[in-house]
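Have a look at work-v2.pdb below; it lists PDB, C-alpha atoms, pLDDT in the B column.
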```pdb
ATOM      1  CA  MET A 276     -74.060 252.294  84.559  1.00 52.00           C
ATOM      2  CA  VAL A 277     -75.340 255.881  84.286  1.00 56.00           C
ATOM      3  CA  SER A 278     -73.214 258.428  86.083  1.00 57.00           C
ATOM      4  CA  THR A 279     -75.084 261.152  87.991  1.00 58.00           C
ATOM      5  CA  ARG A 280     -72.968 264.193  88.793  1.00 58.00           C
ATOM      6  CA  SER A 281     -74.520 265.931  91.763  1.00 51.00           C
ATOM      7  CA  GLY A 282     -73.444 268.830  93.992  1.00 53.00           C
ATOM      8  CA  ASP A 283     -69.859 269.054  92.717  1.00 66.00           C
ATOM      9  CA  TYR A 284     -70.079 271.649  89.958  1.00 69.00           C
ATOM     10  CA  PRO A 285     -69.908 275.226  91.332  1.00 70.00           C
ATOM     11  CA  PHE A 286     -73.212 276.518  90.020  1.00 74.00           C
ATOM     12  CA  LYS A 287     -73.858 280.085  91.163  1.00 69.00           C
ATOM     13  CA  PRO A 288     -77.122 281.705  92.260  1.00 66.00           C
ATOM     14  CA  ARG A 289     -78.774 283.275  89.247  1.00 55.00           C
ATOM     15  CA  LYS A 290     -77.858 286.751  88.005  1.00 58.00           C
ATOM     16  CA  ASN A 291     -80.248 289.590  87.219  1.00 56.00           C
ATOM     17  CA  LYS A 292     -81.398 288.436  83.793  1.00 61.00           C
ATOM     18  CA  ARG A 293     -84.058 286.012  82.694  1.00 81.00           C
ATOM     19  CA  VAL A 294     -83.779 283.193  85.172  1.00 89.00           C
ATOM     20  CA  PHE A 295     -83.995 280.220  82.827  1.00 91.00           C
ATOM     21  CA  GLU A 296     -81.413 281.759  80.432  1.00 91.00           C
ATOM     22  CA  ASP A 297     -78.830 282.077  83.217  1.00 91.00           C
ATOM     23  CA  ILE A 298     -79.497 278.535  84.414  1.00 93.00           C
ATOM     24  CA  ALA A 299     -79.202 277.156  80.876  1.00 93.00           C
ATOM     25  CA  SER A 300     -76.012 279.140  80.302  1.00 93.00           C
ATOM     26  CA  GLN A 301     -74.338 277.752  83.430  1.00 93.00           C
ATOM     27  CA  ILE A 302     -75.343 274.157  82.690  1.00 94.00           C
ATOM     28  CA  ARG A 303     -74.137 274.616  79.092  1.00 93.00           C
ATOM     29  CA  GLY A 304     -70.792 275.859  80.457  1.00 92.00           C
ATOM     30  CA  ALA A 305     -70.512 272.784  82.688  1.00 92.00           C
ATOM     31  CA  ILE A 306     -71.101 270.531  79.673  1.00 91.00           C
ATOM     32  CA  HIS A 307     -68.656 272.404  77.426  1.00 87.00           C
ATOM     33  CA  SER A 308     -65.980 272.331  80.128  1.00 89.00           C
ATOM     34  CA  GLY A 309     -66.177 268.546  80.199  1.00 87.00           C
ATOM     35  CA  PHE A 310     -67.472 268.311  83.766  1.00 93.00           C
ATOM     36  CA  PHE A 311     -70.547 266.533  82.456  1.00 92.00           C
ATOM     37  CA  LYS A 312     -69.808 263.777  79.923  1.00 90.00           C
ATOM     38  CA  PRO A 313     -72.109 262.253  77.278  1.00 90.00           C
ATOM     39  CA  GLY A 314     -74.455 259.874  79.070  1.00 90.00           C
ATOM     40  CA  ASP A 315     -74.149 261.605  82.465  1.00 94.00           C
ATOM     41  CA  LYS A 316     -77.337 262.447  84.315  1.00 94.00           C
ATOM     42  CA  LEU A 317     -77.844 265.975  85.590  1.00 95.00           C
ATOM     43  CA  PRO A 318     -78.910 266.507  89.217  1.00 94.00           C
ATOM     44  CA  PRO A 319     -82.691 266.358  89.784  1.00 93.00           C
ATOM     45  CA  GLU A 320     -84.767 269.510  89.292  1.00 93.00           C
ATOM     46  CA  ARG A 321     -85.182 269.938  93.048  1.00 93.00           C
ATOM     47  CA  GLU A 322     -81.429 269.931  93.631  1.00 94.00           C
ATOM     48  CA  LEU A 323     -80.755 272.263  90.692  1.00 95.00           C
ATOM     49  CA  SER A 324     -83.433 274.589  92.036  1.00 94.00           C
ATOM     50  CA  LYS A 325     -81.595 274.816  95.367  1.00 93.00           C
ATOM     51  CA  GLN A 326     -78.172 275.360  93.753  1.00 92.00           C
ATOM     52  CA  PHE A 327     -79.457 278.130  91.514  1.00 92.00           C
ATOM     53  CA  ASN A 328     -81.750 279.599  94.159  1.00 91.00           C
ATOM     54  CA  ALA A 329     -84.525 279.567  91.585  1.00 92.00           C
ATOM     55  CA  GLY A 330     -87.970 278.065  91.142  1.00 92.00           C
ATOM     56  CA  ARG A 331     -88.399 274.625  89.635  1.00 93.00           C
ATOM     57  CA  MET A 332     -90.391 276.069  86.726  1.00 94.00           C
ATOM     58  CA  ALA A 333     -87.341 278.146  85.717  1.00 94.00           C
ATOM     59  CA  VAL A 334     -85.117 275.065  85.971  1.00 95.00           C
ATOM     60  CA  ARG A 335     -87.599 273.083  83.877  1.00 94.00           C
ATOM     61  CA  GLU A 336     -87.675 275.811  81.220  1.00 95.00           C
ATOM     62  CA  ALA A 337     -83.856 275.894  81.123  1.00 95.00           C
ATOM     63  CA  LEU A 338     -83.702 272.121  80.675  1.00 95.00           C
ATOM     64  CA  ARG A 339     -86.288 272.325  77.901  1.00 94.00           C
ATOM     65  CA  ALA A 340     -84.168 274.940  76.106  1.00 93.00           C
ATOM     66  CA  LEU A 341     -81.064 272.755  76.443  1.00 93.00           C
ATOM     67  CA  GLU A 342     -82.991 269.789  75.063  1.00 91.00           C
ATOM     68  CA  GLU A 343     -84.143 271.822  72.047  1.00 87.00           C
ATOM     69  CA  SER A 344     -80.543 272.813  71.366  1.00 83.00           C
ATOM     70  CA  GLY A 345     -79.531 269.141  71.358  1.00 81.00           C
ATOM     71  CA  LEU A 346     -77.277 269.202  74.429  1.00 88.00           C
ATOM     72  CA  ILE A 347     -79.439 267.065  76.700  1.00 92.00           C
ATOM     73  CA  GLN A 348     -82.217 264.505  76.454  1.00 92.00           C
ATOM     74  CA  ILE A 349     -85.063 264.417  78.960  1.00 93.00           C
ATOM     75  CA  LYS A 350     -86.393 260.944  79.715  1.00 92.00           C
ATOM     76  CA  GLN A 351     -89.568 260.149  81.606  1.00 90.00           C
ATOM     77  CA  GLY A 352     -90.270 257.331  84.043  1.00 85.00           C
ATOM     78  CA  VAL A 353     -88.615 255.822  87.092  1.00 83.00           C
ATOM     79  CA  ASP A 354     -85.143 255.941  85.534  1.00 86.00           C
ATOM     80  CA  GLY A 355     -85.811 259.255  83.832  1.00 90.00           C
ATOM     81  CA  GLY A 356     -84.143 262.619  84.147  1.00 93.00           C
ATOM     82  CA  ALA A 357     -81.977 264.968  82.097  1.00 94.00           C
ATOM     83  CA  PHE A 358     -79.085 263.200  80.364  1.00 95.00           C
ATOM     84  CA  ILE A 359     -76.151 264.683  78.436  1.00 94.00           C
ATOM     85  CA  ARG A 360     -76.525 263.738  74.784  1.00 88.00           C
ATOM     86  CA  VAL A 361     -73.960 262.011  72.640  1.00 79.00           C
ATOM     87  CA  VAL A 362     -73.112 264.229  69.629  1.00 68.00           C
ATOM     88  CA  ASP A 363     -76.094 264.183  67.257  1.00 66.00           C
ATOM     89  CA  PHE A 364     -75.329 265.244  63.678  1.00 65.00           C
ATOM     90  CA  LYS A 365     -79.035 265.398  62.932  1.00 66.00           C
ATOM     91  CA  VAL A 366     -79.437 268.518  65.077  1.00 67.00           C
ATOM     92  CA  ALA A 367     -76.952 270.437  62.936  1.00 65.00           C
ATOM     93  CA  SER A 368     -78.486 268.959  59.801  1.00 65.00           C
ATOM     94  CA  ARG A 369     -81.953 270.201  60.734  1.00 70.00           C
ATOM     95  CA  SER A 370     -80.583 273.683  61.361  1.00 70.00           C
ATOM     96  CA  ILE A 371     -78.868 273.816  57.958  1.00 70.00           C
ATOM     97  CA  TYR A 372     -81.981 272.456  56.244  1.00 69.00           C
ATOM     98  CA  ASN A 373     -84.232 275.024  57.944  1.00 73.00           C
ATOM     99  CA  PHE A 374     -81.899 277.863  56.936  1.00 72.00           C
ATOM    100  CA  LEU A 375     -82.050 276.615  53.349  1.00 67.00           C
ATOM    101  CA  LYS A 376     -85.846 276.402  53.326  1.00 66.00           C
ATOM    102  CA  LEU A 377     -86.167 279.859  54.883  1.00 68.00           C
ATOM    103  CA  GLY A 378     -83.780 281.350  52.370  1.00 68.00           C
ATOM    104  CA  GLU A 379     -81.098 282.258  54.927  1.00 74.00           C
ATOM    105  CA  ILE A 380     -78.607 280.014  53.093  1.00 76.00           C
ATOM    106  CA  SER A 381     -78.789 279.571  49.331  1.00 82.00           C
ATOM    107  CA  LEU A 382     -78.221 276.301  47.495  1.00 82.00           C
ATOM    108  CA  GLN A 383     -75.262 278.005  45.821  1.00 88.00           C
ATOM    109  CA  GLU A 384     -73.708 278.799  49.206  1.00 88.00           C
ATOM    110  CA  LEU A 385     -74.255 275.233  50.408  1.00 85.00           C
ATOM    111  CA  THR A 386     -72.636 273.902  47.233  1.00 91.00           C
ATOM    112  CA  GLU A 387     -69.620 276.215  47.557  1.00 93.00           C
ATOM    113  CA  ALA A 388     -69.092 275.183  51.165  1.00 90.00           C
ATOM    114  CA  ARG A 389     -69.503 271.523  50.322  1.00 92.00           C
ATOM    115  CA  ILE A 390     -66.962 271.707  47.488  1.00 96.00           C
ATOM    116  CA  GLU A 391     -64.336 273.401  49.678  1.00 95.00           C
ATOM    117  CA  ILE A 392     -64.866 270.936  52.518  1.00 94.00           C
ATOM    118  CA  GLU A 393     -64.803 267.849  50.292  1.00 96.00           C
ATOM    119  CA  LEU A 394     -61.703 269.062  48.428  1.00 97.00           C
ATOM    120  CA  MET A 395     -59.951 269.359  51.791  1.00 97.00           C
ATOM    121  CA  VAL A 396     -61.282 265.933  52.799  1.00 97.00           C
ATOM    122  CA  LEU A 397     -59.751 264.443  49.648  1.00 97.00           C
ATOM    123  CA  LYS A 398     -56.401 266.052  50.436  1.00 96.00           C
ATOM    124  CA  TYR A 399     -56.166 264.137  53.711  1.00 97.00           C
ATOM    125  CA  CYS A 400     -58.066 261.061  52.589  1.00 96.00           C
ATOM    126  CA  ILE A 401     -55.758 260.329  49.678  1.00 96.00           C
ATOM    127  CA  ASN A 402     -52.756 260.304  52.041  1.00 95.00           C
ATOM    128  CA  ARG A 403     -54.375 258.371  54.854  1.00 96.00           C
ATOM    129  CA  ILE A 404     -56.762 255.885  53.276  1.00 97.00           C
ATOM    130  CA  SER A 405     -55.803 252.256  53.798  1.00 96.00           C
ATOM    131  CA  GLN A 406     -56.064 249.417  51.296  1.00 96.00           C
ATOM    132  CA  GLU A 407     -58.848 247.959  53.399  1.00 96.00           C
ATOM    133  CA  GLU A 408     -60.751 251.249  53.165  1.00 97.00           C
ATOM    134  CA  ILE A 409     -60.183 251.405  49.403  1.00 97.00           C
ATOM    135  CA  ASN A 410     -61.767 247.960  49.148  1.00 97.00           C
ATOM    136  CA  GLU A 411     -64.653 249.095  51.336  1.00 96.00           C
ATOM    137  CA  LEU A 412     -65.198 252.204  49.199  1.00 96.00           C
ATOM    138  CA  ASP A 413     -65.370 249.980  46.127  1.00 96.00           C
ATOM    139  CA  LYS A 414     -68.003 247.830  47.865  1.00 96.00           C
ATOM    140  CA  ILE A 415     -70.095 250.932  48.626  1.00 95.00           C
ATOM    141  CA  ILE A 416     -70.169 251.797  44.917  1.00 93.00           C
ATOM    142  CA  VAL A 417     -70.976 248.219  43.866  1.00 94.00           C
ATOM    143  CA  THR A 418     -73.755 247.921  46.474  1.00 93.00           C
ATOM    144  CA  ALA A 419     -75.383 251.134  45.219  1.00 89.00           C
ATOM    145  CA  GLU A 420     -75.091 249.894  41.632  1.00 88.00           C
ATOM    146  CA  ASN A 421     -76.818 246.623  42.540  1.00 90.00           C
ATOM    147  CA  ILE A 422     -79.648 248.501  44.246  1.00 88.00           C
ATOM    148  CA  PHE A 423     -80.011 250.649  41.142  1.00 85.00           C
ATOM    149  CA  LYS A 424     -80.180 247.564  38.914  1.00 86.00           C
ATOM    150  CA  LYS A 425     -83.149 246.346  40.972  1.00 86.00           C
ATOM    151  CA  GLY A 426     -85.006 249.516  40.005  1.00 82.00           C
ATOM    152  CA  GLU A 427     -84.619 251.252  43.355  1.00 83.00           C
ATOM    153  CA  ALA A 428     -83.165 254.702  44.060  1.00 79.00           C
ATOM    154  CA  PRO A 429     -79.722 254.218  45.706  1.00 84.00           C
ATOM    155  CA  THR A 430     -79.874 257.547  47.536  1.00 85.00           C
ATOM    156  CA  GLN A 431     -78.266 256.285  50.739  1.00 88.00           C
ATOM    157  CA  GLY A 432     -75.449 254.696  48.768  1.00 88.00           C
ATOM    158  CA  HIS A 433     -74.692 258.080  47.226  1.00 86.00           C
ATOM    159  CA  ILE A 434     -74.533 259.657  50.673  1.00 91.00           C
ATOM    160  CA  ASN A 435     -72.447 256.810  52.120  1.00 93.00           C
ATOM    161  CA  PHE A 436     -69.771 257.305  49.455  1.00 95.00           C
ATOM    162  CA  HIS A 437     -69.097 260.902  50.497  1.00 95.00           C
ATOM    163  CA  ILE A 438     -69.312 260.276  54.240  1.00 94.00           C
ATOM    164  CA  PHE A 439     -66.894 257.354  53.923  1.00 96.00           C
ATOM    165  CA  LEU A 440     -64.330 259.670  52.304  1.00 97.00           C
ATOM    166  CA  ALA A 441     -64.574 261.912  55.376  1.00 95.00           C
ATOM    167  CA  LYS A 442     -64.074 258.909  57.666  1.00 94.00           C
ATOM    168  CA  ALA A 443     -61.032 257.854  55.636  1.00 96.00           C
ATOM    169  CA  SER A 444     -59.518 261.320  56.135  1.00 96.00           C
ATOM    170  CA  LYS A 445     -59.108 260.329  59.826  1.00 96.00           C
ATOM    171  CA  ASN A 446     -60.366 263.763  60.895  1.00 93.00           C
ATOM    172  CA  ALA A 447     -63.407 263.695  63.183  1.00 86.00           C
ATOM    173  CA  PHE A 448     -64.314 267.317  62.484  1.00 86.00           C
ATOM    174  CA  PHE A 449     -64.447 266.721  58.725  1.00 90.00           C
ATOM    175  CA  GLU A 450     -66.634 263.695  59.342  1.00 88.00           C
ATOM    176  CA  MET A 451     -69.004 265.633  61.612  1.00 84.00           C
ATOM    177  CA  VAL A 452     -69.395 268.609  59.244  1.00 86.00           C
ATOM    178  CA  LEU A 453     -69.741 266.519  56.083  1.00 89.00           C
ATOM    179  CA  THR A 454     -72.227 264.153  57.714  1.00 86.00           C
ATOM    180  CA  SER A 455     -74.385 267.148  58.639  1.00 84.00           C
ATOM    181  CA  ILE A 456     -74.190 268.543  55.112  1.00 87.00           C
ATOM    182  CA  MET A 457     -74.936 265.187  53.476  1.00 87.00           C
ATOM    183  CA  ASN A 458     -77.956 264.694  55.716  1.00 82.00           C
ATOM    184  CA  VAL A 459     -79.299 267.905  54.178  1.00 82.00           C
ATOM    185  CA  VAL A 460     -78.382 266.787  50.652  1.00 84.00           C
ATOM    186  CA  ILE A 461     -80.237 263.500  51.115  1.00 83.00           C
ATOM    187  CA  SER A 462     -83.431 265.372  51.983  1.00 78.00           C
ATOM    188  CA  PHE A 463     -83.278 267.011  48.550  1.00 76.00           C
ATOM    189  CA  LEU A 464     -82.349 263.808  46.726  1.00 79.00           C
ATOM    190  CA  ASN A 465     -85.282 261.979  48.303  1.00 77.00           C
ATOM    191  CA  GLN A 466     -87.607 264.602  46.843  1.00 70.00           C
ATOM    192  CA  LEU A 467     -86.094 264.186  43.383  1.00 64.00           C
ATOM    193  CA  GLY A 468     -87.340 260.614  43.156  1.00 62.00           C
ATOM    194  CA  GLY A 469     -85.629 257.697  41.402  1.00 58.00           C
ATOM    195  CA  ASN A 470     -84.497 259.427  38.220  1.00 64.00           C
ATOM    196  CA  ARG A 471     -82.455 256.667  36.563  1.00 69.00           C
ATOM    197  CA  LYS A 472     -80.472 258.995  34.305  1.00 70.00           C
ATOM    198  CA  PHE A 473     -79.518 261.089  37.336  1.00 70.00           C
ATOM    199  CA  TYR A 474     -78.257 258.133  39.390  1.00 73.00           C
ATOM    200  CA  SER A 475     -76.582 256.459  36.441  1.00 73.00           C
ATOM    201  CA  ALA A 476     -74.428 259.561  35.981  1.00 71.00           C
ATOM    202  CA  HIS A 477     -73.644 259.531  39.702  1.00 73.00           C
ATOM    203  CA  PHE A 478     -72.280 256.008  39.558  1.00 73.00           C
ATOM    204  CA  GLY A 479     -69.943 257.031  36.756  1.00 86.00           C
ATOM    205  CA  SER A 480     -68.755 260.039  38.755  1.00 92.00           C
ATOM    206  CA  HIS A 481     -68.216 258.040  41.923  1.00 93.00           C
ATOM    207  CA  ARG A 482     -66.313 255.373  40.020  1.00 94.00           C
ATOM    208  CA  MET A 483     -64.047 257.974  38.379  1.00 96.00           C
ATOM    209  CA  ILE A 484     -63.384 259.714  41.706  1.00 97.00           C
ATOM    210  CA  PHE A 485     -62.632 256.325  43.260  1.00 97.00           C
ATOM    211  CA  GLU A 486     -60.155 255.413  40.516  1.00 97.00           C
ATOM    212  CA  ALA A 487     -58.305 258.719  40.995  1.00 97.00           C
ATOM    213  CA  ILE A 488     -58.116 258.119  44.757  1.00 97.00           C
ATOM    214  CA  LYS A 489     -56.925 254.572  44.218  1.00 97.00           C
ATOM    215  CA  ALA A 490     -54.166 255.894  41.897  1.00 97.00           C
ATOM    216  CA  GLY A 491     -53.193 258.545  44.459  1.00 96.00           C
ATOM    217  CA  ASN A 492     -53.931 261.359  41.987  1.00 98.00           C
ATOM    218  CA  LEU A 493     -55.220 264.206  44.172  1.00 97.00           C
ATOM    219  CA  VAL A 494     -55.582 266.812  41.404  1.00 97.00           C
ATOM    220  CA  LEU A 495     -57.647 264.496  39.217  1.00 98.00           C
ATOM    221  CA  ALA A 496     -59.780 263.339  42.156  1.00 97.00           C
ATOM    222  CA  GLN A 497     -60.523 266.950  43.110  1.00 97.00           C
ATOM    223  CA  GLU A 498     -61.390 267.914  39.529  1.00 97.00           C
ATOM    224  CA  ARG A 499     -63.807 265.004  39.209  1.00 96.00           C
ATOM    225  CA  LEU A 500     -65.349 265.649  42.617  1.00 96.00           C
ATOM    226  CA  THR A 501     -65.946 269.335  41.857  1.00 96.00           C
ATOM    227  CA  LYS A 502     -67.656 268.502  38.574  1.00 95.00           C
ATOM    228  CA  HIS A 503     -69.752 265.849  40.327  1.00 93.00           C
ATOM    229  CA  ILE A 504     -71.007 268.234  43.034  1.00 94.00           C
ATOM    230  CA  MET A 505     -71.783 270.978  40.514  1.00 93.00           C
ATOM    231  CA  GLU A 506     -73.874 268.518  38.490  1.00 89.00           C
ATOM    232  CA  ILE A 507     -75.856 267.642  41.618  1.00 87.00           C
ATOM    233  CA  GLN A 508     -76.488 271.326  42.322  1.00 87.00           C
ATOM    234  CA  SER A 509     -77.695 271.827  38.762  1.00 86.00           C
ATOM    235  CA  ARG A 510     -80.116 268.896  39.043  1.00 80.00           C
ATOM    236  CA  ILE A 511     -81.525 270.136  42.370  1.00 78.00           C
ATOM    237  CA  SER A 512     -81.807 273.705  41.039  1.00 79.00           C
ATOM    238  CA  ASP A 513     -83.783 272.484  38.012  1.00 73.00           C
ATOM    239  CA  ALA A 514     -86.090 270.490  40.258  1.00 63.00           C
ATOM    240  CA  ARG A 515     -86.683 273.502  42.498  1.00 59.00           C
ATOM    241  CA  LEU A 516     -87.604 275.641  39.496  1.00 53.00           C
ATOM    242  CA  GLU A 517     -90.041 272.934  38.446  1.00 51.00           C
ATOM    243  CA  GLY A 518     -91.543 272.961  41.936  1.00 48.00           C
ATOM    244  CA  PHE A 519     -90.468 269.465  42.972  1.00 42.00           C
ATOM    245  CA  VAL A 520     -88.170 270.592  45.828  1.00 46.00           C
TER     246      VAL A 520
END
```
Rendering of file as structure tokens:
Amino acid sequence: MVSTRSGDYPFKPRKNKRVFEDIASQIRGAIHSGFFKPGDKLPPERELSKQFNAGRMAVREALRALEESGLIQIKQGVDGGAFIRVVDFKVASRSIYNFLKLGEISLQELTEARIEIELMVLKYCINRISQEEINELDKIIVTAENIFKKGEAPTQGHINFHIFLAKASKNAFFEMVLTSIMNVVISFLNQLGGNRKFYSAHFGSHRMIFEAIKAGNLVLAQERLTKHIMEIQSRISDARLEGFV
């Protein structure tokens, strides 16, 4: 059942700045404070308009801005309204991707950040991964290999391998950040096409990283992972120079 929080949060009449910005800021604060939970429904526009002492157009503009930022989702129809979103990694992924395409973040910077994050992920993963998860990681590699043998590009299998390591670290923040980064990486890999030599090398890298994790050898796992990520950067860089990405 959808929970609608109405009239309880101490919204204040707007201040002397752009009306919709103040309204959006206060609603954002209510969400960040935990008053509104994922799935909750915000009060109707009419009620928000009264609480903020502002016109409904300003409230509507504020809600639109919050929707664009990924905090809420506006649904139409009888059961519609403004609902607090569950965390959506795709919003962060789109932002990173746009920064890359606009030149605000370089591929080199993305690669450096990814290496540091994944090395830290390995540090926790290797101490926390269960035997069941080791078996599951092996299955992810085998599944991707089988897809490759059928002549298809196992792009998602490549992504799943890295995201699973973050899950096995038992750290939700690592998982969130790495999922966002890998969603950007997959957009580049999809543009590279099904280069068999490229993916064949990936399987070997994943298998070697897996074996180091299985043996509990952190240093070796980190060395192999770093080399693996650098090879991916090199391949993407070459493709960009050739105009494919």
Handout entry: Selected residue of minimal separation from Ala490 in chain A among A:Gln406, A:Phe448, A:Ile456, A:Val417, counting only C-alpha atoms
Key =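 Among the listed residues, A:Gln406 lies closest to Ala490 in chain A.
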Each residue of range 312-418 of chain A with at least one atom at most 12 Å from range 422-430 of chain A should appear once, together with its nearest atom pair and the corresponding distance in Å (one decimal); atoms considered: only C-alpha atoms; ordering: chain, then increasing residue number; output as JSON lines.
```
{"residue": "A:Ile415", "atom": "CA", "partner": "A:Pro429", "partner_atom": "CA", "distance": 10.6}
{"residue": "A:Ile416", "atom": "CA", "partner": "A:Pro429", "partner_atom": "CA", "distance": 9.9}
{"residue": "A:Val417", "atom": "CA", "partner": "A:Ile422", "partner_atom": "CA", "distance": 8.7}
{"residue": "A:Thr418", "atom": "CA", "partner": "A:Ile422", "partner_atom": "CA", "distance": 6.3}
```
Problem - the PyMOL selection byres ((chain A and resi 335-351) around 7) resolved against shown file, as a ChimeraX atom specification - result: /A:295-296,298-299,331-334,352,355-360,366
Around range 455-467 of chain A, with edges along x, y and z and 8 Å added on all six sides, what centre and edge lengths do you get, in Å to one decimal, as AutoDock Vina command-line options?
```
--center_x -80.9 --center_y 265.3 --center_z 51.0 --size_x 29.4 --size_y 22.6 --size_z 31.3
```
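Minimum distance to Leu394 in chain A across A:Met451, A:Ala441, A:Ile380, A:Ala329 (counting only C-alpha atoms) occurs at A:Ala441.
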Handout entry: Contacts of Ser480 in chain A at 12 Å (all atoms listed in the file; same-chain gap of 6+ positions) as a ChimeraX atom specification
Key = /A:416,433,436-437,473-474,486-487,495-507
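Atom to atom, CA of Tyr399 in chain A and CA of Asn458 in chain A stand 21.9 Å apart.
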Fill in the blank from the handout: Counting all atoms listed in the file, closest pick from A:His307, A:Arg321, A:Lys489, A:Lys445 relative to Arg403 in chain A is A:Lys445
Practice task
To one decimal in Å, tell me the separation between CA of Pro318 in chain A and CA of Arg293 in chain A.
Solution key: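 Spanning CA of Pro318 in chain A to CA of Arg293 in chain A is a straight-line distance of 21.2 Å.
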Practice task
Can you give me, as number ranges by chain, the residues this file yields under the PyMOL selection byres ((chain A and resi 446) around 12)?
Solution key: A: 392, 395-400, 403-404, 438-445, 447-453
Handout entry: Gap from CA of Asp297 in chain A to CA of Gly330 in chain A - Å, one decimal
Key =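 Taking CA of Asp297 in chain A and CA of Gly330 in chain A, their separation equals 12.7 Å.
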Handout entry: Nearest to Leu412 in chain A, chosen from A:Gly432, A:Gln301, A:Arg369, A:Ser512, with only C-alpha atoms counted in the distances
Key =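 Closest to Leu412 in chain A, using only C-alpha atoms: A:Gly432.
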N, CA and C atoms are what I want for range 482-496 of chain A; can you complete it accordingly and write them as a compact mmCIF listing (two decimals), in the coordinates of the input?
```txt
# COMPACT_ATOMS: atom_id res chain seq x y z
N ARG A 482 -67.32 256.33 40.47
CA ARG A 482 -66.31 255.37 40.02
C ARG A 482 -65.05 256.09 39.56
N MET A 483 -65.21 257.23 38.86
CA MET A 483 -64.05 257.97 38.38
C MET A 483 -63.29 258.64 39.53
N ILE A 484 -64.03 259.13 40.52
CA ILE A 484 -63.38 259.71 41.71
C ILE A 484 -62.61 258.62 42.45
N PHE A 485 -63.25 257.46 42.58
CA PHE A 485 -62.63 256.32 43.26
C PHE A 485 -61.33 255.92 42.58
N GLU A 486 -61.35 255.83 41.25
CA GLU A 486 -60.16 255.41 40.52
C GLU A 486 -59.01 256.41 40.71
N ALA A 487 -59.33 257.70 40.77
CA ALA A 487 -58.30 258.72 41.00
C ALA A 487 -57.72 258.60 42.41
N ILE A 488 -58.59 258.31 43.38
CA ILE A 488 -58.12 258.12 44.76
C ILE A 488 -57.22 256.89 44.83
N LYS A 489 -57.67 255.83 44.22
CA LYS A 489 -56.92 254.57 44.22
C LYS A 489 -55.54 254.76 43.60
N ALA A 490 -55.45 255.63 42.57
CA ALA A 490 -54.17 255.89 41.90
C ALA A 490 -53.34 256.94 42.64
N GLY A 491 -53.91 257.53 43.69
CA GLY A 491 -53.19 258.54 44.46
C GLY A 491 -53.08 259.87 43.74
N ASN A 492 -53.97 260.13 42.78
CA ASN A 492 -53.93 261.36 41.99
C ASN A 492 -54.90 262.38 42.59
N LEU A 493 -54.38 263.24 43.46
CA LEU A 493 -55.22 264.21 44.17
C LEU A 493 -55.86 265.22 43.23
N VAL A 494 -55.07 265.78 42.31
CA VAL A 494 -55.58 266.81 41.40
C VAL A 494 -56.75 266.28 40.58
N LEU A 495 -56.59 265.09 40.04
CA LEU A 495 -57.65 264.50 39.22
C LEU A 495 -58.88 264.18 40.06
N ALA A 496 -58.66 263.66 41.26
CA ALA A 496 -59.78 263.34 42.16
C ALA A 496 -60.57 264.60 42.50
```
